[in-house]
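S.K.: Submitted below is the structure of interest, expressed as structure tokens.
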Amino acid sequence: MTAATITAPLTKSGRVRPSAAVRQTGTMAWRSLVSVKHNPLELVDYSITPIMFVFLFTYVFGGQMAGSPEEYLQYALPGIIVQNTLFMSMYTAMSLNSDLTKGVFDRLRSLPIARSAPLFGRITADLAKQLWAMVLMIGLGMALGFGVTAGVTGFLGAALLLMVFAAAVSWSAVLIGMLAGDPEKVQVFAFTLIFPITFTSSAFVRVETMPGWLQAWVDINPVTHLSDAFRGLLVGGEVGQPVLWSLVWAAAIAAVFLPLAMRAYRSQA
């Protein structure tokens, strides 16, 4: 990795050229992915937790919510995947915070690489792991009776939308990882934030079954829009408006947290 980045071409101002920055981002992403080979438990986190979510929601809540686990799975699996994606985004914060406390980023700053490469590389690698978790959950769901009725196009559109939203949310995770004192604080903050917004959405129950005062929040909750869009792309239903609002929320989250995360990263120098 060091040999590949030291010879990177620079502009006249001494900055790394954009093409070199892209290659360095790929190198940093590969570094994160290769670490799974030496620490298989990292991939277990992206596998066991999704499997546990699918089984628990299907067989614990399914009969009560929809009369049978299979019927509830058809509605709830997209929401379960959305919730898992948000939780997995916080792994970015924890791993980033761990690298900071161990001095990994101090060593990276000593290299003539783009300042953004370690962050973009980390997010890219974590998105690949998130994609693995999504495919695993859909495969398990299909084995339990879930049907992707919208076909291959719907599946690909759903996967793309989920990755775009996860990339945006990852920047909030980067900021949390930069500001938190240790990984334990990152975890506490993540659970405190993610649990309320996922359960007060249409991810697991239909909005019309909730009290009127709560529906006002649920209707603007970004998790509701993403769950509805993901569900519609996989099994059919309204797609246009939920997808549009999901993209609007993703753009807004990135616009707020990306600059804040980069500023926090520079202040660590």
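Identifiers in the structure tokens: chain A, B, ... in order shown; residue index from 1 per chain; ligand index from 1 in order shown.
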With only C-alpha atoms as the counted atoms, please give the residues lying no more than 10 Å from Ala264 in chain A, apart from itself and same-chain residues fewer than 3 positions off, as a PyMOL selection string.

M.R.: chain A and resi 174-179+258-261+267-269

S.K.: Save out the residues we just selected, all heavy atoms, as an mmCIF file, in the first residue's frame.

M.R.:
```
data_model
loop_
_atom_site.group_PDB
_atom_site.id
_atom_site.type_symbol
_atom_site.label_atom_id
_atom_site.label_comp_id
_atom_site.auth_asym_id
_atom_site.auth_seq_id
_atom_site.Cartn_x
_atom_site.Cartn_y
_atom_site.Cartn_z
ATOM 1 N N VAL A 174 -19.182 8.661 10.416
ATOM 2 C CA VAL A 174 -17.801 9.151 10.451
ATOM 3 C C VAL A 174 -17.669 10.268 11.477
ATOM 4 O O VAL A 174 -16.724 10.300 12.277
ATOM 5 C CB VAL A 174 -17.361 9.645 9.059
ATOM 6 C CG1 VAL A 174 -16.044 10.409 9.141
ATOM 7 C CG2 VAL A 174 -17.218 8.464 8.103
ATOM 8 N N LEU A 175 -18.634 11.188 11.468
ATOM 9 C CA LEU A 175 -18.587 12.298 12.423
ATOM 10 C C LEU A 175 -18.677 11.784 13.860
ATOM 11 O O LEU A 175 -17.930 12.241 14.739
ATOM 12 C CB LEU A 175 -19.730 13.276 12.138
ATOM 13 C CG LEU A 175 -19.785 14.512 13.051
ATOM 14 C CD1 LEU A 175 -18.534 15.355 12.901
ATOM 15 C CD2 LEU A 175 -21.033 15.336 12.751
ATOM 16 N N ILE A 176 -19.559 10.829 14.102
ATOM 17 C CA ILE A 176 -19.685 10.254 15.442
ATOM 18 C C ILE A 176 -18.381 9.585 15.853
ATOM 19 O O ILE A 176 -17.911 9.728 16.983
ATOM 20 C CB ILE A 176 -20.853 9.242 15.483
ATOM 21 C CG1 ILE A 176 -22.183 9.963 15.279
ATOM 22 C CG2 ILE A 176 -20.858 8.482 16.808
ATOM 23 C CD1 ILE A 176 -23.357 9.030 15.075
ATOM 24 N N GLY A 177 -17.777 8.835 14.915
ATOM 25 C CA GLY A 177 -16.518 8.164 15.215
ATOM 26 C C GLY A 177 -15.401 9.137 15.536
ATOM 27 O O GLY A 177 -14.526 8.847 16.364
ATOM 28 N N MET A 178 -15.425 10.304 14.891
ATOM 29 C CA MET A 178 -14.406 11.320 15.154
ATOM 30 C C MET A 178 -14.583 11.989 16.512
ATOM 31 O O MET A 178 -13.611 12.304 17.195
ATOM 32 C CB MET A 178 -14.455 12.398 14.059
ATOM 33 C CG MET A 178 -13.994 11.928 12.708
ATOM 34 S SD MET A 178 -12.214 11.685 12.652
ATOM 35 C CE MET A 178 -12.038 10.994 11.003
ATOM 36 N N LEU A 179 -15.820 12.198 16.912
ATOM 37 C CA LEU A 179 -16.091 12.968 18.117
ATOM 38 C C LEU A 179 -16.173 12.121 19.378
ATOM 39 O O LEU A 179 -15.932 12.619 20.478
ATOM 40 C CB LEU A 179 -17.398 13.756 17.946
ATOM 41 C CG LEU A 179 -17.436 14.765 16.794
ATOM 42 C CD1 LEU A 179 -18.783 15.466 16.742
ATOM 43 C CD2 LEU A 179 -16.308 15.781 16.922
ATOM 44 N N LEU A 258 -21.279 15.327 5.585
ATOM 45 C CA LEU A 258 -19.997 15.162 4.901
ATOM 46 C C LEU A 258 -19.034 16.305 5.219
ATOM 47 O O LEU A 258 -17.889 16.053 5.613
ATOM 48 C CB LEU A 258 -20.217 15.004 3.396
ATOM 49 C CG LEU A 258 -19.027 14.500 2.580
ATOM 50 C CD1 LEU A 258 -19.515 13.861 1.275
ATOM 51 C CD2 LEU A 258 -18.033 15.606 2.232
ATOM 52 N N PRO A 259 -19.449 17.572 5.079
ATOM 53 C CA PRO A 259 -18.523 18.658 5.427
ATOM 54 C C PRO A 259 -18.129 18.646 6.904
ATOM 55 O O PRO A 259 -16.970 18.910 7.245
ATOM 56 C CB PRO A 259 -19.308 19.926 5.086
ATOM 57 C CG PRO A 259 -20.459 19.516 4.281
ATOM 58 C CD PRO A 259 -20.714 18.092 4.555
ATOM 59 N N LEU A 260 -19.087 18.342 7.783
ATOM 60 C CA LEU A 260 -18.778 18.299 9.212
ATOM 61 C C LEU A 260 -17.776 17.189 9.525
ATOM 62 O O LEU A 260 -16.863 17.367 10.340
ATOM 63 C CB LEU A 260 -20.062 18.104 10.023
ATOM 64 C CG LEU A 260 -21.057 19.262 10.023
ATOM 65 C CD1 LEU A 260 -22.315 18.884 10.796
ATOM 66 C CD2 LEU A 260 -20.440 20.522 10.621
ATOM 67 N N ALA A 261 -17.960 16.038 8.872
ATOM 68 C CA ALA A 261 -17.044 14.920 9.101
ATOM 69 C C ALA A 261 -15.645 15.241 8.597
ATOM 70 O O ALA A 261 -14.642 14.941 9.264
ATOM 71 C CB ALA A 261 -17.584 13.660 8.414
ATOM 72 N N SER A 267 -9.310 18.408 11.777
ATOM 73 C CA SER A 267 -8.959 18.923 13.109
ATOM 74 C C SER A 267 -8.223 17.896 13.942
ATOM 75 O O SER A 267 -7.571 18.245 14.939
ATOM 76 C CB SER A 267 -10.220 19.358 13.862
ATOM 77 O OG SER A 267 -11.015 18.237 14.210
ATOM 78 N N GLN A 268 -8.279 16.609 13.522
ATOM 79 C CA GLN A 268 -7.563 15.561 14.233
ATOM 80 C C GLN A 268 -6.062 15.605 13.933
ATOM 81 O O GLN A 268 -5.263 14.980 14.630
ATOM 82 C CB GLN A 268 -8.102 14.180 13.846
ATOM 83 C CG GLN A 268 -9.541 13.934 14.256
ATOM 84 C CD GLN A 268 -9.709 13.693 15.729
ATOM 85 O OE1 GLN A 268 -8.781 13.260 16.407
ATOM 86 N NE2 GLN A 268 -10.884 13.986 16.257
ATOM 87 N N ALA A 269 -5.708 16.322 12.839
ATOM 88 C CA ALA A 269 -4.297 16.357 12.430
ATOM 89 C C ALA A 269 -3.444 17.092 13.459
ATOM 90 O O ALA A 269 -3.892 18.012 14.111
ATOM 91 C CB ALA A 269 -4.194 17.037 11.073
#
```

S.K.: So which residues touch range 231-233 of chain A within 12 Å, counting only C-alpha atoms, skipping near sequence neighbours fewer than 4 positions away, as a PyMOL selection string?

M.R.: chain A and resi 73-82+138+146-162+202-204+223-227+237-243

S.K.: Report, in Å to a single decimal, how far apart CA of Met163 in chain A and CA of Val22 in chain A are.

M.R.: 18.8 Å

S.K.: Name all residues at most 10 Å from Ser201 in chain A (count only C-alpha atoms; drop same-chain ones fewer than 4 positions away) and give them as a list in words.

M.R.: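 Counting only C-alpha atoms, the residues come to Gly79, Pro196, Ile197, Val205, Arg206, Val207, Met210, Leu214, Gln215, Trp217, Val218, Asp219, Ile220, Asn221, Pro222, Val223, Thr224, His225, Leu226, Ser227 and Asp228 of chain A.
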
S.K.: Go through range 91-260 of chain A and collect every residue that DSSP, computed from the backbone, puts in alpha helix (DSSP H); the answer should be as a ChimeraX atom specification.

M.R.: /A:91-102,104-109,117-144,151-179,183-199,212-218,222-235,240-260

S.K.: For range 90-101 of chain A, work out the shell of residues within 10 Å, counting only C-alpha atoms and skipping chain neighbours fewer than 2 positions away, then give it as a PyMOL selection string.

M.R.: chain A and resi 32+42+45-46+85-88+103-106+118-119+122-123+125-127+169-187+189-191+194+265+268

S.K.: Any chance you could export the current selection's C-alpha atoms as a compact mmCIF listing (two decimals), in the first residue's frame?

M.R.:
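Final output, saved to part-v4.txt:
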```
# COMPACT_ATOMS: atom_id res chain seq x y z
CA SER A 32 -10.28 -2.75 5.01
CA GLU A 42 -15.61 -8.88 11.53
CA ASP A 45 -20.89 -9.27 12.67
CA TYR A 46 -22.25 -8.62 9.19
CA THR A 85 -28.33 -1.21 7.25
CA LEU A 86 -28.58 1.68 9.70
CA PHE A 87 -27.10 -0.40 12.51
CA MET A 88 -24.28 -1.62 10.28
CA GLY A 103 -2.80 5.77 15.78
CA VAL A 104 -3.53 4.22 12.38
CA PHE A 105 -4.64 7.54 10.91
CA ASP A 106 -1.51 9.25 12.22
CA PRO A 118 -8.82 6.86 4.22
CA LEU A 119 -12.39 8.02 4.89
CA ARG A 122 -13.42 2.97 4.77
CA ILE A 123 -16.93 3.85 3.63
CA ALA A 125 -15.34 -1.15 2.08
CA ASP A 126 -18.17 -0.98 4.58
CA LEU A 127 -20.70 -0.55 1.77
CA VAL A 169 -25.69 7.90 6.56
CA SER A 170 -22.07 6.71 6.75
CA TRP A 171 -20.92 10.33 6.90
CA SER A 172 -22.91 10.84 10.08
CA ALA A 173 -21.20 7.69 11.39
CA VAL A 174 -17.80 9.15 10.45
CA LEU A 175 -18.59 12.30 12.42
CA ILE A 176 -19.68 10.25 15.44
CA GLY A 177 -16.52 8.16 15.22
CA MET A 178 -14.41 11.32 15.15
CA LEU A 179 -16.09 12.97 18.12
CA ALA A 180 -16.69 9.98 20.41
CA GLY A 181 -14.09 9.23 23.03
CA ASP A 182 -14.13 5.45 22.57
CA PRO A 183 -16.01 2.70 20.63
CA GLU A 184 -18.33 2.04 23.60
CA LYS A 185 -19.66 5.60 23.44
CA VAL A 186 -20.20 5.19 19.70
CA GLN A 187 -22.29 2.09 20.33
CA PHE A 189 -25.09 6.76 20.81
CA ALA A 190 -25.96 4.56 17.83
CA PHE A 191 -28.53 2.49 19.73
CA ILE A 194 -31.38 4.29 15.61
CA TYR A 265 -11.09 14.75 10.38
CA GLN A 268 -7.56 15.56 14.23
```

S.K.: So which one's closest to Val44 in chain A, A:Val248, A:Ala133, A:Met262, A:Ala20? Using only C-alpha atoms, please.

M.R.: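 Among A:Val248, A:Ala133, A:Met262, A:Ala20, it is A:Ala133 that comes nearest to Val44 in chain A.
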
S.K.: Given only C-alpha atoms as the basis, pick out the residue of A:Leu247, A:Val188, A:Leu43, A:Ala117 nearest to Val164 in chain A.

M.R.: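 Among the listed residues, the smallest separation from Val164 in chain A belongs to A:Leu247.
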
S.K.: For Trp249 in chain A, find every residue with an atom within 9 Å (counting only C-alpha atoms), except residues of its own chain fewer than 4 positions away, and show them as a PyMOL selection string.

M.R.: chain A and resi 165+168+222+225+244-245+253-254

S.K.: Can you write just those residues out, C-alpha atoms, as a compact mmCIF listing (two decimals), in the first residue's frame?

M.R.:
```
# COMPACT_ATOMS: atom_id res chain seq x y z
CA PHE A 165 -28.74 5.91 1.48
CA ALA A 168 -25.06 9.18 3.03
CA PRO A 222 -36.70 9.05 6.47
CA HIS A 225 -39.67 6.57 3.03
CA LEU A 244 -37.82 10.43 -4.46
CA TRP A 245 -38.08 11.27 -0.75
CA ILE A 253 -27.90 13.94 5.22
CA ALA A 254 -24.77 13.91 3.05
```

S.K.: Sorted by chain and rising residue number, which residues of range 121-237 of chain A lie within 12 Å of range 67-71 of chain A, and what are their closest atom pairs and distances in Å to one decimal, counting only C-alpha atoms, as JSON lines?

M.R.:
```
{"residue": "A:Gly141", "atom": "CA", "partner": "A:Glu70", "partner_atom": "CA", "distance": 9.4}
{"residue": "A:Met142", "atom": "CA", "partner": "A:Glu70", "partner_atom": "CA", "distance": 10.2}
{"residue": "A:Ala143", "atom": "CA", "partner": "A:Glu70", "partner_atom": "CA", "distance": 10.7}
{"residue": "A:Leu144", "atom": "CA", "partner": "A:Glu70", "partner_atom": "CA", "distance": 7.2}
{"residue": "A:Gly145", "atom": "CA", "partner": "A:Glu70", "partner_atom": "CA", "distance": 5.9}
{"residue": "A:Phe146", "atom": "CA", "partner": "A:Glu70", "partner_atom": "CA", "distance": 7.1}
{"residue": "A:Gly147", "atom": "CA", "partner": "A:Glu70", "partner_atom": "CA", "distance": 10.0}
```

S.K.: Go ahead and write the selection's residues with N, CA, C and O atoms as a PDB file, in the first residue's frame.

M.R.:
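That gives us result.pdb:
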```
ATOM      1  N   GLY A 141     -34.493 -14.812   3.592  1.00  0.00           N
ATOM      2  CA  GLY A 141     -35.920 -14.538   3.527  1.00  0.00           C
ATOM      3  C   GLY A 141     -36.616 -15.372   2.460  1.00  0.00           C
ATOM      4  O   GLY A 141     -37.715 -15.900   2.691  1.00  0.00           O
ATOM      5  N   MET A 142     -35.985 -15.507   1.300  1.00  0.00           N
ATOM      6  CA  MET A 142     -36.578 -16.322   0.238  1.00  0.00           C
ATOM      7  C   MET A 142     -36.661 -17.786   0.658  1.00  0.00           C
ATOM      8  O   MET A 142     -37.616 -18.486   0.318  1.00  0.00           O
ATOM      9  N   ALA A 143     -35.678 -18.246   1.407  1.00  0.00           N
ATOM     10  CA  ALA A 143     -35.714 -19.623   1.903  1.00  0.00           C
ATOM     11  C   ALA A 143     -36.863 -19.822   2.895  1.00  0.00           C
ATOM     12  O   ALA A 143     -37.395 -20.928   3.031  1.00  0.00           O
ATOM     13  N   LEU A 144     -37.269 -18.733   3.576  1.00  0.00           N
ATOM     14  CA  LEU A 144     -38.350 -18.813   4.557  1.00  0.00           C
ATOM     15  C   LEU A 144     -39.706 -18.471   3.967  1.00  0.00           C
ATOM     16  O   LEU A 144     -40.715 -18.500   4.675  1.00  0.00           O
ATOM     17  N   GLY A 145     -39.746 -18.102   2.672  1.00  0.00           N
ATOM     18  CA  GLY A 145     -41.024 -17.849   2.024  1.00  0.00           C
ATOM     19  C   GLY A 145     -41.202 -16.464   1.447  1.00  0.00           C
ATOM     20  O   GLY A 145     -42.254 -16.152   0.874  1.00  0.00           O
ATOM     21  N   PHE A 146     -40.200 -15.586   1.558  1.00  0.00           N
ATOM     22  CA  PHE A 146     -40.303 -14.251   0.990  1.00  0.00           C
ATOM     23  C   PHE A 146     -40.182 -14.319  -0.526  1.00  0.00           C
ATOM     24  O   PHE A 146     -39.350 -15.066  -1.061  1.00  0.00           O
ATOM     25  N   GLY A 147     -40.999 -13.537  -1.232  1.00  0.00           N
ATOM     26  CA  GLY A 147     -40.960 -13.543  -2.688  1.00  0.00           C
ATOM     27  C   GLY A 147     -40.612 -12.177  -3.257  1.00  0.00           C
ATOM     28  O   GLY A 147     -41.276 -11.188  -2.950  1.00  0.00           O
TER      29      GLY A 147
END
```

S.K.: Of the candidates A:Phe57, A:Ser246, A:Gln83, A:Gln130, which shows the shortest atom-to-atom distance to Phe199 in chain A, using only C-alpha atoms?

M.R.: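 Looking only at the distances to Phe199 in chain A, the closest residue turns out to be A:Gln83.
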